[in-house]
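Student: Structure below; questions to follow.
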Amino acid sequence: MLNQKRTKRLLRSNWYYGVWILVSFVLTFMMQWVQLGSLPNVLQFIHESTFYFVVNFGIVLASMSLVLLVKQKVFMFSLITFVWSFLSLANAIVSHFRGTPLMFSDVFLIKEAVKLVDLYFTPATMITFVGLIVILMIVIGFLWKIKSSVKKIDYVLCGVILSCTTLGLYTVERNDWMAPIKSNYMKSYQTYGFSYSILNSIYPYLGSNQLVYDENMDEIMNAMSLPVAAQMRSTIDSESPYNLIVVQLESFMDPLLIQGAEYSEDPIATFRALTEYSPNGYITVPTFGAGTVMTEFEVLTSISMSALKPGEIPYDQLLCTTPVQSLATIFNAKGYQTTFLHNYEGNFYNRHLAIGNLGFDVYVPLEYMAGDHGVHQIDKTDDGLLFNYVIQALEQSEEPDFIYAVTAGTHQPYSTTDGTDSEIIVSGDLSKEYRLPLQDYVNRMHSLDEQIKRLVEYVNNSDEPTLLVFFSDHLPNLSAVTDESTYDVDLYQTPYLIYSNAPLNPVLPYENMTSYQLGAYALNLLGIDSGAMHKIHDIYADSDDYQSILDTVQKDLLYGEGRFYESQLLPSSSNLFFGLGELSIESVEQTGNVLSIHGNGFSSESRVYLDGEALSTTFVSPQLLQVVAPSQTYQTIEIKQHSGVNQAIGQGIQITISELN
């Protein structure tokens, strides 16, 4: 009887030790189930990657050891379980819609996430989700009242677990036993486990980017000063400099590679026809399904995303403050007009700050494209409008042009309604869940292909030699693409095509070309030898030391002293001009309290300011805006273009009443 009482007392006072271990194991198991998608996959992971599972279990166990330090043990158990469960489910949702996993760097992307959340979730879904979280937090809050004792051994046990886990993780990191797969973070998470991978994404933000300079730096710089092999670069026969137009095609791919799908006509007939006599192939890009600016950064700077922290968006964390040498820098030095165009919000990914630090002269986002753009939905954007401005930029510039244009019309999500009236009908063996979004996608891609045709015809009729570079930023996040049984091609390889309306001597592309080599390849076709990263690719692409040299040079250019710039083409922030100069105020007239502003280049994002005060503005046409202005004593009228989250960007246009008179 005495032993039974003693046993009961021991169980009451020590119950949490067993719960601590059991909950940690079950939670680790469940997170892997969510990560891998099925119970057999989890069991296979535990059997074949036992060490990785133990590491993940150790991380969860260490986080749960905080329970030992507080009296509110039930509350702490529930809170830590909630946090891990929330992160695991968030990772599953983000991976499904974005094609890349949840990372620490995502805390810097809250503004972009808010803009896109309504594309994927209805208001009812979001309200339900928030409501459930609130209810759970209230329930967890009530558990605060349940208390247990804290023993001295608990402090010792917690310290031992945390110390062992820290030492173990340090050993794993030091020996690269679980080095992240930077080229494919989805695969990395599936290989090493969720809790380890998301924790690993924090480490780079805790370290320093300081670069240690050694004698190898001098060897590399000496090699950069030597002439490059003749076969690496073309010789231009034309007396006039070539225009270079780079068009970044959102989620572009060859749909004929999807097995089991049949199409009433080829969705990319123009693109395919051009590949028969133009340089083309596939490039390896740093992202899948989303993350456009990662590929954009690589093409523009010739710098690999491996130089940045895991999941880091270069425009948000780097280019907002730091100028970096780019294709725009190189062409500016040659007297080109450099223009960046994108038919979506100008402050998305902070492009309104980053584009100037890439050296562009002109930035034309959606807000500076005249017309009524309605509600901003990236999947409903008009690529025809973008190509209008590409042509307009070419026509109004007297200098040779470097134009970088980013399309958006083929951005996800894709409709799952039965579009029987679609121009292109998808049939075949695919299920309805695969076929319907694919049909919406290929019809939008067909529209983009028509715009490619229009641009090619325009440059063919032009008397200016022009090089067109088309490439896809990433593949679309479609079920028919992510399923290996219907698409067995590398998910990180996308098509590119280079077309010229004038003769070019052939130049071999880099072997297994990547997006950070594409810009350098285009420069070689034009016979241009400028640019630090351009030279590195030309000299070392075939070297066994290529990756280590790449890492050294990139770190110097981004975080070091910039020695590899060789005091030439030093990057600097440009005095960025927004728009193509359309925006103007020509006259005003007041009828009662309605003020009508006549001019040019107005868009639905235009806002009228009177003496610095913003007024609610009615867009009537690209030539007319109206506001209610009860006072006629104002001295200045200003038009500003408002981007996402109602932020004014660019220089706008301002005029005084005396100037109008």
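Letters A, B, ... go to the chains of the structure tokens in the order shown; residues in each chain start at 1; ligands are counted from 1 in the same order.
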What's the 8 Å shell around Lys71 (chain A), counting only C-alpha atoms, without same-chain residues fewer than 5 positions away, as a short mmCIF file (atom, residue, chain, number, x, y, z; two decimals) with C-alpha atoms, in the first residue's frame?
Tutor:
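Produced file part-v8.cif, reproduced below:
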data_model
loop_
_atom_site.label_atom_id
_atom_site.label_comp_id
_atom_site.auth_asym_id
_atom_site.auth_seq_id
_atom_site.Cartn_x
_atom_site.Cartn_y
_atom_site.Cartn_z
CA LYS A 147 0.92 24.67 -12.22
CA SER A 148 3.51 22.09 -11.22
CA SER A 149 6.69 22.27 -9.21
CA VAL A 150 10.15 22.99 -10.62
#
Student: Excluding region 213-229 of chain A and its own-chain neighbours fewer than 4 positions away, which residues fall within 9 Å of it when counting only C-alpha atoms? Please give them as number ranges by chain.
Tutor: A: 233, 529, 532, 535-536, 538-539, 549, 552-553, 556, 563-564, 566
Student: Can you build me a table of region 335-434 of chain A residues sitting at most 7 Å from region 245-268 of chain A, with the closest atom pair per residue and its distance in Å to one decimal, using only C-alpha atoms, sorted by chain and residue number, as CSV?
Tutor:
residue,atom,partner,partner_atom,distance
A:Phe402,CA,A:Ile245,CA,5.8
A:Ile403,CA,A:Ile245,CA,4.7
A:Tyr404,CA,A:Val246,CA,4.8
A:Ala405,CA,A:Val247,CA,4.8
A:Val406,CA,A:Gln248,CA,4.8
A:Thr407,CA,A:Leu249,CA,5.5
A:Ala408,CA,A:Glu250,CA,5.5
A:Thr410,CA,A:Glu250,CA,5.8
A:His411,CA,A:Glu250,CA,6.1
A:Ile424,CA,A:Ser264,CA,5.6
A:Ile425,CA,A:Ser264,CA,5.4
A:Val426,CA,A:Tyr263,CA,4.8
A:Ser427,CA,A:Glu262,CA,5.0
A:Gly428,CA,A:Ala261,CA,4.9
A:Asp429,CA,A:Gly260,CA,4.9
A:Leu430,CA,A:Gly260,CA,5.7
Student: Select, from A:Glu484, A:Glu298, A:Asp316, A:Glu399, the residue with the minimum atom-to-atom distance to Gln337 (chain A), counting only C-alpha atoms.
Tutor: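 For Gln337 (chain A), the nearest of the given residues is A:Glu399.
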Student: So which one's closest to Gln190 (chain A), A:Leu69, A:Phe53, A:Pro465, A:Ala90? Using only C-alpha atoms, please.
Tutor: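 Among A:Leu69, A:Phe53, A:Pro465, A:Ala90, it is A:Phe53 that comes nearest to Gln190 (chain A).
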Student: Could you pull out all residues of region 328-468 of chain A with a DSSP call of alpha helix (DSSP H) and give them as number ranges by chain?
Tutor: A: 328-333, 351-357, 383-396, 432-460
Student: If we count only C-alpha atoms, what is near Arg98 (chain A) at a cut-off of 8 Å, once residues fewer than 3 positions away on the same chain are taken out, given as a PyMOL selection string?
Tutor: chain A and resi 94-95+101+288-291+477
Student: Name the residues of region 514-589 of chain A that come out as strand (DSSP E) in a backbone DSSP run; write them as a ChimeraX atom specification.
Tutor: /A:577-578,584-589
Student: Take the residues from that selection and put them in a file with N, CA and C atoms, as a short mmCIF file (atom, residue, chain, number, x, y, z; two decimals), in the first residue's frame.
Tutor:
data_model
loop_
_atom_site.label_atom_id
_atom_site.label_comp_id
_atom_site.auth_asym_id
_atom_site.auth_seq_id
_atom_site.Cartn_x
_atom_site.Cartn_y
_atom_site.Cartn_z
N PHE A 577 14.81 57.84 -63.07
CA PHE A 577 13.64 58.57 -63.56
C PHE A 577 12.51 57.57 -63.79
N PHE A 578 11.33 57.88 -63.30
CA PHE A 578 10.18 56.99 -63.43
C PHE A 578 9.33 57.38 -64.63
N SER A 584 2.17 64.62 -67.64
CA SER A 584 2.21 66.09 -67.77
C SER A 584 0.86 66.68 -67.39
N ILE A 585 0.89 67.95 -66.94
CA ILE A 585 -0.32 68.73 -66.67
C ILE A 585 -0.36 69.88 -67.66
N GLU A 586 -1.44 69.96 -68.44
CA GLU A 586 -1.52 70.99 -69.47
C GLU A 586 -2.48 72.12 -69.10
N SER A 587 -3.57 71.78 -68.44
CA SER A 587 -4.53 72.83 -68.04
C SER A 587 -5.43 72.31 -66.94
N VAL A 588 -6.07 73.23 -66.22
CA VAL A 588 -7.04 72.86 -65.20
C VAL A 588 -8.28 73.73 -65.38
N GLU A 589 -9.42 73.20 -64.98
CA GLU A 589 -10.63 74.01 -64.98
C GLU A 589 -11.49 73.59 -63.80
#
